[in-house]
Every structure is written in structure tokens, then in C-alpha cells.
file coords15.csv (CSV, C-alpha atoms)
chain,number,residue,atom,x,y,z
A,566,MET,CA,89.0,-14.3,51.1
A,567,ILE,CA,91.0,-17.4,50.1
A,568,VAL,CA,94.7,-17.8,50.2
A,569,ARG,CA,96.9,-20.7,49.0
A,570,VAL,CA,99.7,-21.9,51.2
A,571,LYS,CA,103.0,-22.1,49.2
A,572,ARG,CA,105.0,-24.1,51.8
A,573,ASP,CA,104.3,-26.0,54.9
A,574,THR,CA,103.4,-23.7,57.8
A,575,HIS,CA,101.0,-23.5,60.8
A,576,LEU,CA,98.2,-21.2,61.9
A,577,LYS,CA,100.3,-19.4,64.4
A,578,GLU,CA,102.7,-18.2,61.8
A,579,LEU,CA,99.9,-17.2,59.4
A,580,SER,CA,98.2,-15.4,62.3
A,581,HIS,CA,101.3,-13.3,62.8
A,582,LEU,CA,101.8,-12.6,59.1
A,583,LEU,CA,98.2,-11.6,58.5
A,584,ASN,CA,97.6,-9.9,61.8
A,585,ILE,CA,94.5,-12.0,62.4
A,586,HIS,CA,93.8,-13.8,65.7
A,587,GLU,CA,94.7,-17.5,65.5
A,588,GLN,CA,91.4,-18.6,66.9
A,589,LEU,CA,89.5,-16.9,64.0
A,590,LEU,CA,91.7,-18.6,61.4
A,591,PHE,CA,91.1,-22.0,63.1
A,592,GLU,CA,87.4,-21.5,63.3
A,593,ALA,CA,87.3,-20.4,59.7
A,594,ASN,CA,89.1,-23.5,58.7
A,595,PRO,CA,88.1,-26.3,61.1
A,596,ALA,CA,89.2,-29.1,58.8
A,597,CYS,CA,92.8,-27.8,58.8
A,598,SER,CA,95.4,-28.9,61.4
A,599,ALA,CA,96.8,-26.0,63.4
A,600,ALA,CA,100.0,-28.0,63.8
A,601,CYS,CA,100.8,-28.1,60.1
A,602,ILE,CA,99.2,-26.5,57.1
A,603,LEU,CA,100.5,-28.3,54.1
A,604,SER,CA,101.8,-26.7,50.9
A,605,GLY,CA,99.0,-26.3,48.4
A,606,GLU,CA,96.2,-26.1,50.9
A,607,THR,CA,93.7,-23.2,50.6
A,608,LEU,CA,92.4,-21.3,53.6
A,609,ARG,CA,89.6,-19.0,54.2
A,610,ILE,CA,90.7,-15.7,55.7
A,611,PRO,CA,88.5,-13.1,57.5
A,612,PHE,CA,88.5,-9.9,55.5
A,613,THR,CA,88.0,-6.3,56.6
A,614,GLU,CA,89.3,-3.0,55.2
A,615,ASN,CA,92.1,-3.1,57.8
A,616,VAL,CA,93.1,-6.6,56.8
A,617,LYS,CA,93.1,-5.5,53.2
A,618,CYS,CA,95.3,-2.5,54.0
A,619,HIS,CA,97.7,-4.7,56.0
A,620,ILE,CA,98.0,-7.3,53.3
A,621,SER,CA,98.3,-4.7,50.5
A,622,SER,CA,101.2,-3.0,52.3
A,623,THR,CA,103.1,-6.2,53.0
A,624,PHE,CA,102.0,-8.4,50.1
A,625,ASN,CA,105.3,-8.1,48.1
A,626,ALA,CA,107.5,-8.6,51.1
A,627,PRO,CA,109.5,-11.9,50.7
A,628,HIS,CA,108.3,-13.3,54.1
A,629,ILE,CA,104.7,-13.0,52.8
A,630,ARG,CA,105.2,-14.1,49.2
A,631,ASN,CA,107.2,-17.1,50.2
A,632,ILE,CA,104.4,-18.5,52.3
A,633,ILE,CA,101.0,-17.5,50.8
A,634,ASP,CA,99.5,-16.5,47.5
A,635,PHE,CA,96.0,-15.2,46.9
A,636,TYR,CA,93.6,-17.4,45.1
A,637,GLU,CA,94.0,-17.0,41.4
A,638,GLY,CA,96.7,-14.4,42.2
A,639,GLN,CA,94.3,-11.6,42.9
A,640,LEU,CA,93.8,-9.4,45.9
A,641,PRO,CA,90.1,-9.2,46.6
A,642,LEU,CA,88.2,-5.9,46.3
A,643,PRO,CA,87.5,-4.2,49.7
A,644,PRO,CA,84.0,-4.2,51.1
A,645,SER,CA,81.8,-1.4,49.9
A,646,PRO,CA,81.3,1.5,52.4
A,647,GLU,CA,77.7,0.3,52.9
A,648,PHE,CA,78.7,-3.4,53.4
A,649,ILE,CA,75.3,-4.2,54.9
A,650,GLN,CA,72.5,-2.5,53.0
A,651,LYS,CA,70.6,0.2,55.0
A,652,LYS,CA,69.3,2.5,52.3
A,653,ARG,CA,67.1,-0.2,50.7
A,654,ALA,CA,63.8,-1.8,51.8
A,655,TYR,CA,65.1,-4.8,53.7
A,656,ASP,CA,63.2,-7.8,52.4
A,657,TYR,CA,64.2,-11.5,52.4
A,658,ILE,CA,66.2,-11.2,49.2
A,659,VAL,CA,68.3,-8.4,50.6
A,660,LEU,CA,68.9,-10.4,53.7
A,661,LEU,CA,70.1,-13.4,51.7
A,662,GLU,CA,72.5,-11.1,49.8
A,663,ASP,CA,73.9,-9.7,53.1
A,664,LEU,CA,74.2,-13.1,54.7
A,665,GLU,CA,76.4,-14.2,51.8
A,666,LYS,CA,78.6,-11.1,52.4
A,667,ILE,CA,78.9,-11.9,56.1
A,668,LEU,CA,79.9,-15.5,55.5
A,669,HIS,CA,82.4,-14.5,52.8
A,670,ALA,CA,84.1,-11.8,54.9
A,671,TYR,CA,83.8,-13.6,58.2
A,672,PRO,CA,84.1,-17.3,57.5
A,673,PHE,CA,84.3,-18.2,61.2
A,674,VAL,CA,80.5,-17.3,61.4
A,675,GLU,CA,78.3,-20.4,61.2
A,676,LYS,CA,74.9,-20.2,59.3
A,677,ARG,CA,72.2,-22.9,59.8
A,678,THR,CA,68.5,-23.3,59.0
A,679,ILE,CA,66.4,-23.6,62.1
A,680,GLY,CA,63.1,-24.0,60.4
A,681,HIS,CA,60.9,-22.9,57.5
A,682,SER,CA,58.1,-20.3,57.2
A,683,VAL,CA,54.6,-21.2,56.2
A,684,LEU,CA,55.6,-20.7,52.5
A,685,GLY,CA,58.7,-22.7,52.9
A,686,LEU,CA,61.3,-20.0,53.2
A,687,PRO,CA,64.3,-21.1,55.3
A,688,VAL,CA,64.7,-19.1,58.5
A,689,TYR,CA,68.4,-18.7,59.3
A,690,GLU,CA,70.4,-18.5,62.5
A,691,LEU,CA,73.9,-17.2,62.6
A,692,LYS,CA,76.2,-18.4,65.4
A,693,ILE,CA,79.1,-16.3,66.5
A,694,GLY,CA,81.7,-17.3,69.1
A,695,ASN,CA,81.7,-20.2,71.5
A,696,GLY,CA,82.0,-18.7,74.9
A,697,PRO,CA,80.1,-19.9,78.0
A,698,LYS,CA,77.6,-17.1,78.1
A,699,LYS,CA,74.7,-17.6,75.6
A,700,VAL,CA,72.9,-14.7,74.2
A,701,HIS,CA,70.1,-14.8,71.5
A,702,MET,CA,68.9,-11.8,69.4
A,703,ASN,CA,66.1,-11.7,66.8
A,704,GLY,CA,64.2,-9.3,64.6
A,705,SER,CA,61.2,-9.1,62.3
A,706,PHE,CA,58.8,-11.1,64.4
A,707,HIS,CA,56.3,-8.6,63.0
A,708,ALA,CA,56.2,-8.1,59.3
A,709,ASN,CA,55.9,-4.3,59.2
A,710,GLU,CA,58.8,-4.0,61.6
A,711,TRP,CA,61.3,-5.2,58.9
A,712,ILE,CA,63.7,-2.3,59.6
A,713,THR,CA,64.7,-4.3,62.7
A,714,THR,CA,66.5,-6.8,60.5
A,715,SER,CA,68.5,-4.1,58.8
A,716,VAL,CA,69.5,-2.7,62.2
A,717,LEU,CA,70.4,-6.1,63.5
A,718,MET,CA,72.6,-7.0,60.5
A,719,ASN,CA,74.4,-3.7,60.8
A,720,TRP,CA,74.9,-4.2,64.6
A,721,LEU,CA,76.4,-7.6,63.7
A,722,HIS,CA,78.7,-6.3,61.0
A,723,GLU,CA,80.1,-3.6,63.3
A,724,TYR,CA,80.8,-6.3,65.9
A,725,LEU,CA,82.4,-8.8,63.5
A,726,GLU,CA,84.6,-6.1,62.0
A,727,ALA,CA,85.8,-5.2,65.5
A,728,VAL,CA,86.5,-8.8,66.4
A,729,VAL,CA,88.8,-9.2,63.3
A,730,ASP,CA,90.4,-5.8,63.6
A,731,GLY,CA,91.1,-6.0,67.4
A,732,GLY,CA,88.6,-3.2,68.1
A,733,SER,CA,86.7,-2.4,71.3
A,734,PHE,CA,83.6,-0.7,72.6
A,735,GLU,CA,84.0,1.5,75.7
A,736,GLY,CA,87.0,-0.4,76.8
A,737,HIS,CA,85.4,-3.9,76.1
A,738,SER,CA,87.6,-5.8,73.7
A,739,ALA,CA,85.5,-7.3,70.9
A,740,MET,CA,87.8,-10.4,70.8
A,741,ASP,CA,87.4,-10.9,74.5
A,742,LEU,CA,83.6,-10.8,74.1
A,743,TYR,CA,83.8,-13.2,71.2
A,744,GLN,CA,85.6,-15.6,73.4
A,745,GLN,CA,83.2,-15.1,76.3
A,746,VAL,CA,79.9,-15.2,74.5
A,747,SER,CA,78.1,-17.6,72.2
A,748,LEU,CA,75.8,-15.3,70.1
A,749,SER,CA,72.7,-16.7,68.4
A,750,PHE,CA,71.3,-14.4,65.8
A,751,VAL,CA,68.0,-14.8,63.9
A,752,PRO,CA,67.6,-11.6,61.9
A,753,MET,CA,64.2,-12.4,60.2
A,754,VAL,CA,61.7,-14.6,62.1
A,755,ASN,CA,58.8,-13.8,59.7
A,756,PRO,CA,60.0,-13.7,56.1
A,757,ASP,CA,56.6,-14.4,54.5
A,758,GLY,CA,55.2,-11.4,56.3
A,759,VAL,CA,58.1,-9.1,55.4
A,760,GLN,CA,57.8,-10.1,51.7
A,761,LEU,CA,54.1,-9.3,51.8
A,762,VAL,CA,54.6,-5.9,53.4
A,763,LEU,CA,57.4,-4.8,51.1
A,764,ASN,CA,56.6,-6.6,47.8
A,765,GLY,CA,52.8,-6.8,47.9
A,766,LEU,CA,50.5,-9.7,46.9
A,767,PRO,CA,51.0,-11.0,43.3
A,768,SER,CA,48.0,-12.6,41.7
A,769,ASP,CA,49.7,-16.0,41.6
A,770,HIS,CA,50.6,-16.0,45.4
A,771,ALA,CA,49.8,-19.4,47.0
A,772,HIS,CA,47.6,-17.6,49.7
A,773,TYR,CA,46.2,-14.9,47.5
A,774,HIS,CA,42.5,-15.1,48.3
A,775,SER,CA,42.9,-15.8,52.1
A,776,THR,CA,45.5,-13.1,52.5
A,777,LEU,CA,43.4,-10.5,50.6
A,778,HIS,CA,40.4,-11.4,52.7
A,779,MET,CA,42.3,-11.0,56.0
A,780,ASN,CA,43.4,-7.6,54.8
A,781,ASN,CA,39.9,-6.4,54.2
A,782,ASN,CA,40.3,-6.8,50.4
A,783,SER,CA,43.0,-4.1,50.4
A,784,LEU,CA,46.2,-4.5,48.4
A,785,ASP,CA,47.9,-2.1,50.8
A,786,PHE,CA,49.9,-4.3,53.3
A,787,ASP,CA,51.9,-1.6,55.1
A,788,GLN,CA,50.1,-2.4,58.4
A,789,TRP,CA,50.4,-6.2,58.2
A,790,LYS,CA,52.1,-7.6,61.3
A,791,ALA,CA,51.2,-11.3,61.2
A,792,ASN,CA,52.6,-14.3,59.4
A,793,ILE,CA,51.0,-15.4,56.1
A,794,ASN,CA,48.4,-17.4,58.0
A,795,GLY,CA,47.2,-14.3,59.7
A,796,VAL,CA,48.6,-15.1,63.2
A,797,ASP,CA,50.6,-12.7,65.3
A,798,LEU,CA,53.8,-14.6,66.0
A,799,ASN,CA,54.5,-12.5,69.1
A,800,ASN,CA,51.1,-13.5,70.6
A,801,GLN,CA,51.8,-17.2,70.2
A,802,TYR,CA,53.6,-18.2,73.4
A,803,PRO,CA,52.2,-20.1,76.5
A,804,ALA,CA,52.6,-17.2,78.9
A,805,ASN,CA,49.0,-16.4,79.9
A,806,TRP,CA,48.1,-16.9,76.2
A,807,GLU,CA,44.5,-17.3,77.3
A,808,ILE,CA,44.3,-13.7,78.4
A,809,GLU,CA,45.4,-12.4,75.0
A,810,LYS,CA,43.1,-14.8,73.2
A,811,GLU,CA,40.1,-13.5,75.2
A,812,ARG,CA,40.7,-9.8,74.8
A,813,LYS,CA,42.2,-9.5,71.4
A,814,ILE,CA,39.7,-8.1,69.0
A,815,PRO,CA,40.4,-10.3,66.0
A,816,LYS,CA,38.7,-13.6,66.6
A,817,ALA,CA,39.9,-15.1,63.4
A,818,PRO,CA,43.1,-14.9,61.3
A,819,SER,CA,43.8,-11.2,60.5
A,820,SER,CA,46.5,-8.9,59.4
A,821,ARG,CA,47.5,-8.2,63.0
A,822,ASP,CA,47.0,-9.2,66.7
A,823,TYR,CA,45.3,-12.6,66.2
A,824,PRO,CA,47.0,-15.0,68.7
A,825,GLY,CA,46.0,-18.2,66.9
A,826,ASP,CA,43.7,-21.0,67.9
A,827,ALA,CA,46.2,-22.2,70.5
A,828,PRO,CA,49.7,-21.5,71.6
A,829,LEU,CA,52.5,-22.5,69.3
A,830,THR,CA,50.5,-23.4,66.2
A,831,GLU,CA,52.7,-21.6,63.6
A,832,PRO,CA,55.9,-23.0,62.2
A,833,GLU,CA,57.8,-19.7,62.9
A,834,SER,CA,56.8,-19.6,66.5
A,835,ILE,CA,57.4,-23.3,67.0
A,836,MET,CA,60.9,-23.1,65.6
A,837,MET,CA,61.8,-20.2,67.9
A,838,ALA,CA,60.5,-22.1,71.0
A,839,LYS,CA,62.5,-25.1,69.9
A,840,LEU,CA,65.6,-23.0,69.5
A,841,VAL,CA,65.3,-21.7,73.1
A,842,GLU,CA,64.7,-25.1,74.5
A,843,THR,CA,67.6,-26.6,72.7
A,844,GLU,CA,70.2,-23.9,73.2
A,845,ASN,CA,69.4,-22.9,76.8
A,846,PHE,CA,70.1,-19.2,76.4
A,847,ASP,CA,71.1,-17.0,79.3
A,848,MET,CA,69.5,-13.9,77.7
A,849,VAL,CA,67.2,-13.1,74.8
A,850,VAL,CA,66.9,-9.7,73.1
A,851,ALA,CA,63.8,-9.4,70.8
A,852,VAL,CA,64.0,-6.3,68.6
A,853,HIS,CA,60.8,-4.6,67.5
A,854,THR,CA,59.6,-1.1,66.6
A,855,GLN,CA,58.6,1.5,67.8
A,856,GLY,CA,58.6,3.7,71.0
A,857,GLU,CA,62.2,3.9,72.2
A,858,GLU,CA,61.3,1.7,75.1
A,859,ILE,CA,62.8,-1.5,76.7
A,860,TYR,CA,60.4,-4.0,78.3
A,861,TRP,CA,62.3,-6.2,80.7
A,862,GLY,CA,60.1,-7.8,83.4
A,863,TYR,CA,57.3,-10.3,83.4
A,864,MET,CA,55.2,-11.5,86.4
A,865,ASN,CA,58.2,-10.8,88.7
A,866,CYS,CA,60.0,-13.8,87.2
A,867,GLU,CA,63.0,-11.9,86.0
A,868,PRO,CA,66.3,-12.3,87.9
A,869,GLU,CA,67.9,-9.4,89.8
A,870,GLN,CA,70.6,-9.1,87.2
A,871,ALA,CA,67.9,-8.1,84.6
A,872,GLY,CA,67.4,-4.7,86.3
A,873,ILE,CA,71.1,-4.0,86.3
A,874,ILE,CA,71.5,-4.8,82.6
A,875,VAL,CA,68.5,-2.7,81.5
A,876,LYS,CA,70.0,0.3,83.3
A,877,GLU,CA,73.0,0.0,81.0
A,878,PHE,CA,70.7,-0.5,78.0
A,879,SER,CA,69.0,2.8,78.9
A,880,ARG,CA,72.3,4.6,79.5
A,881,GLN,CA,73.6,3.6,76.1
A,882,SER,CA,70.4,4.4,74.1
A,883,GLY,CA,68.4,6.9,76.1
A,884,TYR,CA,65.4,4.5,75.8
A,885,LYS,CA,63.0,4.2,78.7
A,886,ALA,CA,63.1,1.0,80.7
A,887,ILE,CA,59.7,-0.4,81.5
A,888,ARG,CA,59.5,-3.4,83.8
A,889,THR,CA,55.8,-4.3,83.6
A,890,ILE,CA,53.2,-3.8,80.9
A,891,ASP,CA,49.7,-5.3,80.5
A,892,SER,CA,50.7,-7.7,77.8
A,893,HIS,CA,51.1,-11.5,77.6
A,894,ALA,CA,51.9,-14.4,75.2
A,895,GLY,CA,55.0,-12.8,73.7
A,896,PHE,CA,58.3,-14.5,73.0
A,897,ARG,CA,60.1,-12.6,75.7
A,898,ASP,CA,57.3,-13.0,78.2
A,899,TRP,CA,57.4,-16.7,77.8
A,900,PHE,CA,61.2,-16.9,78.1
A,901,VAL,CA,61.3,-14.9,81.3
A,902,LEU,CA,58.4,-16.9,82.8
A,903,GLU,CA,59.7,-20.3,81.9
A,904,LYS,CA,63.5,-19.8,82.2
A,905,LYS,CA,63.6,-17.1,85.0
A,906,LYS,CA,66.4,-15.4,83.0
A,907,CYS,CA,67.0,-12.0,81.4
A,908,GLY,CA,64.7,-11.2,78.5
A,909,TYR,CA,64.3,-7.9,76.7
A,910,THR,CA,62.0,-6.4,74.1
A,911,ILE,CA,63.6,-3.4,72.4
A,912,GLU,CA,61.3,-1.0,70.7
A,913,LEU,CA,63.4,0.9,68.2
A,914,GLY,CA,62.6,4.4,66.9
A,915,THR,CA,59.4,6.5,67.1
A,916,GLY,CA,56.4,7.1,64.8
A,917,VAL,CA,54.1,4.7,63.0
A,918,ASN,CA,55.1,1.3,61.6
A,919,PRO,CA,56.6,0.6,59.2
A,920,LEU,CA,59.3,3.1,60.2
A,921,PRO,CA,60.9,4.8,57.2
A,922,LEU,CA,64.5,4.2,56.2
A,923,SER,CA,65.1,7.9,56.8
A,924,GLN,CA,65.1,7.0,60.5
A,925,PHE,CA,67.8,4.4,60.1
A,926,ASP,CA,70.8,6.4,61.0
A,927,ASP,CA,69.2,7.9,64.2
A,928,ILE,CA,68.0,4.5,65.3
A,929,TYR,CA,71.4,2.9,64.7
A,930,LYS,CA,73.2,5.6,66.6
A,931,LYS,CA,71.0,5.3,69.6
A,932,SER,CA,70.7,1.5,69.7
A,933,ARG,CA,74.1,0.2,68.9
A,934,GLY,CA,75.2,0.3,72.5
A,935,ILE,CA,72.4,-2.0,73.4
A,936,PHE,CA,73.9,-4.7,71.2
A,937,TRP,CA,77.4,-4.3,72.8
A,938,ALA,CA,75.9,-4.2,76.4
A,939,SER,CA,74.1,-7.4,75.7
A,940,LEU,CA,77.5,-9.0,75.4
A,941,TYR,CA,79.5,-7.4,78.1
A,942,MET,CA,76.8,-7.0,80.9
A,943,LEU,CA,75.7,-10.6,81.2
A,944,LYS,CA,77.5,-12.3,84.2
A,945,SER,CA,78.4,-15.9,84.2
call {"tool": "encode", "arguments": {"input": "coords15.csv", "output": "C-alpha cells"}}
result
Amino acid sequence: MIVRVKRDTHLKELSHLLNIHEQLLFEANPACSAACILSGETLRIPFTENVKCHISSTFNAPHIRNIIDFYEGQLPLPPSPEFIQKKRAYDYIVLLEDLEKILHAYPFVEKRTIGHSVLGLPVYELKIGNGPKKVHMNGSFHANEWITTSVLMNWLHEYLEAVVDGGSFEGHSAMDLYQQVSLSFVPMVNPDGVQLVLNGLPSDHAHYHSTLHMNNNSLDFDQWKANINGVDLNNQYPANWEIEKERKIPKAPSSRDYPGDAPLTEPESIMMAKLVETENFDMVVAVHTQGEEIYWGYMNCEPEQAGIIVKEFSRQSGYKAIRTIDSHAGFRDWFVLEKKKCGYTIELGTGVNPLPLSQFDDIYKKSRGIFWASLYMLKS
């Protein structure tokens, strides 16, 4: 939402008038001076249904009308009840649509491109907050687990709405968490694979013949997990990669499970490793499906705090916490092994991948507390 300032003012006054935290206004408009907003300047304003109601009820009051006007004189329409789409197959195009909604409604959120897929699709990271604790979350490492992106985006919207509206979760203020945590959010690691699973393989696809061959000449891609090169991105990390290379059945690029010819050969896995190395996260949460389980240990390299946090994850979700499994070379495995910090793989839902959208509401209800706990359980 955009407002035009009608007389000189400052962010503190606007914060009071709009009932929006001053820090959010400043971060949404970093080029503006908090000391003096000049007449005629336009500002981006975070927008929720509560903000809409507050502005609508006070818009004609002289103390509001004398200071701000809405861009082109129009109050914006409120967000739809399903602000982030959850009743539609969540492909890359849907993600782009919802990212634009997030950036429009919550202009303090920063979007940046961290890399590109094999087919050149930008992979986006959202950055929220600037606190000292650094948490990273991601989804859709595996193509047929695309529902994870929808769940993640709805987690995020719930949180951002609470930040703007002064909401809380089990006594934890959303604004306090925003000020304490820097959240890194990569909702779709493997866009090429997600597009393949949901939209199929058109005859003019750049990798038509190789992709069809890897899928045993079938045009049914429901079970495809890999990137478009036929490499399982969650078997690409240098955490005993050699073990997975030896025992995985596919010995060549395939629809699933092939760990590649070496660790970190794929652009998607490389960019995620670079993100970790650059940002120095304190915790990573990788969201997958299915099983209603949480994997949290690796080779006894996890810190003591990891066990405390996973108990809260389990309490919130009812999911089973599993410390050790016979699996290597995953993103979380590598993070715990290399950084000796807290890393979690969350397996949402039950059944056979890809999980149907009919499970969304149940998955969301059970898992939303994991998102919140990722922010409030981490100690400095």
C-alpha cells in the first residue's frame, strides 16, 4: 500500500496514526529519513486486514486527512481470504504470484536471487527481520514434495501478519521475534523439478529426450524427485557422500535418488551451500514430505540445544523426533556435521508423495507450531 504525505512529518507520528510499528515503516522505506518525511513524498505501508479496518475507520478524521492521502486517492482492496494460495497445485508460477503479494503487503520483506536452476529459473530467498539469531528454512528440495512450498508460504504469511498486527503465538510476541531473529526463507529450491511434476514435459522442452529417458520413457512424472539433470539435490552434500554414492541403486542420472558424480555438482545444491557459508546460520529447517517425523541428529555432531528444541517441535506438532537414521549426504546432515549447529528435517504429512492438496489443512494445523518454535526456541 502506498500513501502520499501531505505535510512534513516523521515516521514516529505516522506510526502512531497508522498503528504500525515504526521499525516496520522505516525498513519498508529505507531511503526516507525518520527525522523528517517531506510533503509530497510517498511511502510504502504494510497492509493487513486489521490495518485496512483501522485506516477505514479513521480515514476521514482531520488528523489523518491533514497528513496523508492514499495513492491516487483510493483505499486499497483488502487481501483475499486465501491470501497465499493453498487450493491450487503449487508450481513456480503460483510461487511468483504469491511472492508479489507478500512484497506488496509487507514491503519490509527483502527478496533476492541466490542462484538459478539448471534451466535458468531464479531461485529466491526472502529475508525477514535483522535480529542476531539467524534461522534458515527451505522447501521443495525434492520435486514431488512441492506441497512443502505452499505450507512454507502460508507459515510465512501467518507470521508477517502477526508482526504487523501486534500478534503473538503462545505468549511469544511476533514483533519481538522479528527483532530477535533474522529469517532466511527459500521456499522452492528445485523449481525445474516442481514444474516437471506438476506441468509435465512439453515436446519443446530443452531437456525433453534426456528427461524422458531418465523417467523410463514415461510421461507420468508424479514420482520425480530430482532436478532436471536427474540428480537428487538432497544427496549432494559432502557428509559421507561416498556411502550414498556406493549404495544408491541408480548409477546414472535418474528420476530419483542419484547422488551425482561428485558432491555439489548441481547449481541448486551449490547455491544452497554458498548461502549457508555466506550467512552463517544458527539453525536450518529443511521441509520435506512425508511421515510426520523430525530428523535432528547427525554423527553426534549436533549441540545439546538441538535436543531441547526438537522436544518443542514434537510438542507443537505431534511429530516423532528421530535423532539418528541411516542416511547421509543431505543438506541438513552436512550443516550439522560442518557447523555443529541445530539442523532439522521436517517430514510433513503421511501417505505417498506427492501428497494431495486435500491434506493441506491437516498438515498446516499440525506443523505451524514448528515454524514459530524455530524462532522462539533458539538461544543466543
call {"tool": "residues_around", "arguments": {"input": "coords15.csv", "residues": "His619 of chain A", "least_positions_apart": "4", "cutoff": "10 Å", "atoms": "only C-alpha atoms", "output": "PyMOL selection string"}}
result
chain A and resi 582-584+613-615+623-624
call {"tool": "write_last_selection", "arguments": {"input": "coords15.csv", "atoms": "C-alpha atoms", "output": "PDB file, in the coordinates of the input"}}
result
ATOM      1  CA  LEU A 582     101.800 -12.600  59.100  1.00  0.00           C
ATOM      2  CA  LEU A 583      98.200 -11.600  58.500  1.00  0.00           C
ATOM      3  CA  ASN A 584      97.600  -9.900  61.800  1.00  0.00           C
ATOM      4  CA  THR A 613      88.000  -6.300  56.600  1.00  0.00           C
ATOM      5  CA  GLU A 614      89.300  -3.000  55.200  1.00  0.00           C
ATOM      6  CA  ASN A 615      92.100  -3.100  57.800  1.00  0.00           C
ATOM      7  CA  THR A 623     103.100  -6.200  53.000  1.00  0.00           C
ATOM      8  CA  PHE A 624     102.000  -8.400  50.100  1.00  0.00           C
TER       9      PHE A 624
END
call {"tool": "closest_residue", "arguments": {"input": "coords15.csv", "among": "A:Ser783, A:Asn918, A:Gln881, A:Asn594", "to": "Glu710 of chain A", "atoms": "all atoms listed in the file"}}
result
A:Asn918
call {"tool": "residues_around", "arguments": {"input": "coords15.csv", "residues": "Lys930 of chain A", "least_positions_apart": "6", "cutoff": "12 Å", "atoms": "only C-alpha atoms", "output": "ChimeraX atom specification"}}
result
/A:716,719-720,723,881-883,913-914,924,936
call {"tool": "write_last_selection", "arguments": {"input": "coords15.csv", "atoms": "C-alpha atoms", "output": "mmCIF file, in the frame of the given file"}}
result
data_model
loop_
_atom_site.group_PDB
_atom_site.id
_atom_site.type_symbol
_atom_site.label_atom_id
_atom_site.label_comp_id
_atom_site.auth_asym_id
_atom_site.auth_seq_id
_atom_site.Cartn_x
_atom_site.Cartn_y
_atom_site.Cartn_z
ATOM 1 C CA VAL A 716 69.500 -2.700 62.200
ATOM 2 C CA ASN A 719 74.400 -3.700 60.800
ATOM 3 C CA TRP A 720 74.900 -4.200 64.600
ATOM 4 C CA GLU A 723 80.100 -3.600 63.300
ATOM 5 C CA GLN A 881 73.600 3.600 76.100
ATOM 6 C CA SER A 882 70.400 4.400 74.100
ATOM 7 C CA GLY A 883 68.400 6.900 76.100
ATOM 8 C CA LEU A 913 63.400 0.900 68.200
ATOM 9 C CA GLY A 914 62.600 4.400 66.900
ATOM 10 C CA GLN A 924 65.100 7.000 60.500
ATOM 11 C CA PHE A 936 73.900 -4.700 71.200
#
call {"tool": "residues_around", "arguments": {"input": "coords15.csv", "residues": "Ile567 of chain A", "least_positions_apart": "6", "cutoff": "8 Å", "atoms": "all atoms listed in the file", "output": "JSON, numbers by chain"}}
result
{"A": [607, 608, 609, 610, 635, 636]}
call {"tool": "residues_around", "arguments": {"input": "coords15.csv", "residues": "Ile667 of chain A", "least_positions_apart": "4", "cutoff": "10 Å", "atoms": "all atoms listed in the file", "output": "NGL selection string"}}
result
:A and (611-612 or 648-649 or 661-663 or 671-676 or 691 or 718 or 721-722 or 725)
call {"tool": "residues_around", "arguments": {"input": "coords15.csv", "residues": "segment 746-748 of chain A", "least_positions_apart": "3", "cutoff": "9 Å", "atoms": "all atoms listed in the file", "output": "PyMOL selection string"}}
result
chain A and resi 691-702+741-743+940-941
call {"tool": "closest_residue", "arguments": {"input": "coords15.csv", "among": "A:Cys618, A:Tyr929, A:Ile793, A:Asp573", "to": "Ala600 of chain A", "atoms": "all atoms listed in the file"}}
result
A:Asp573
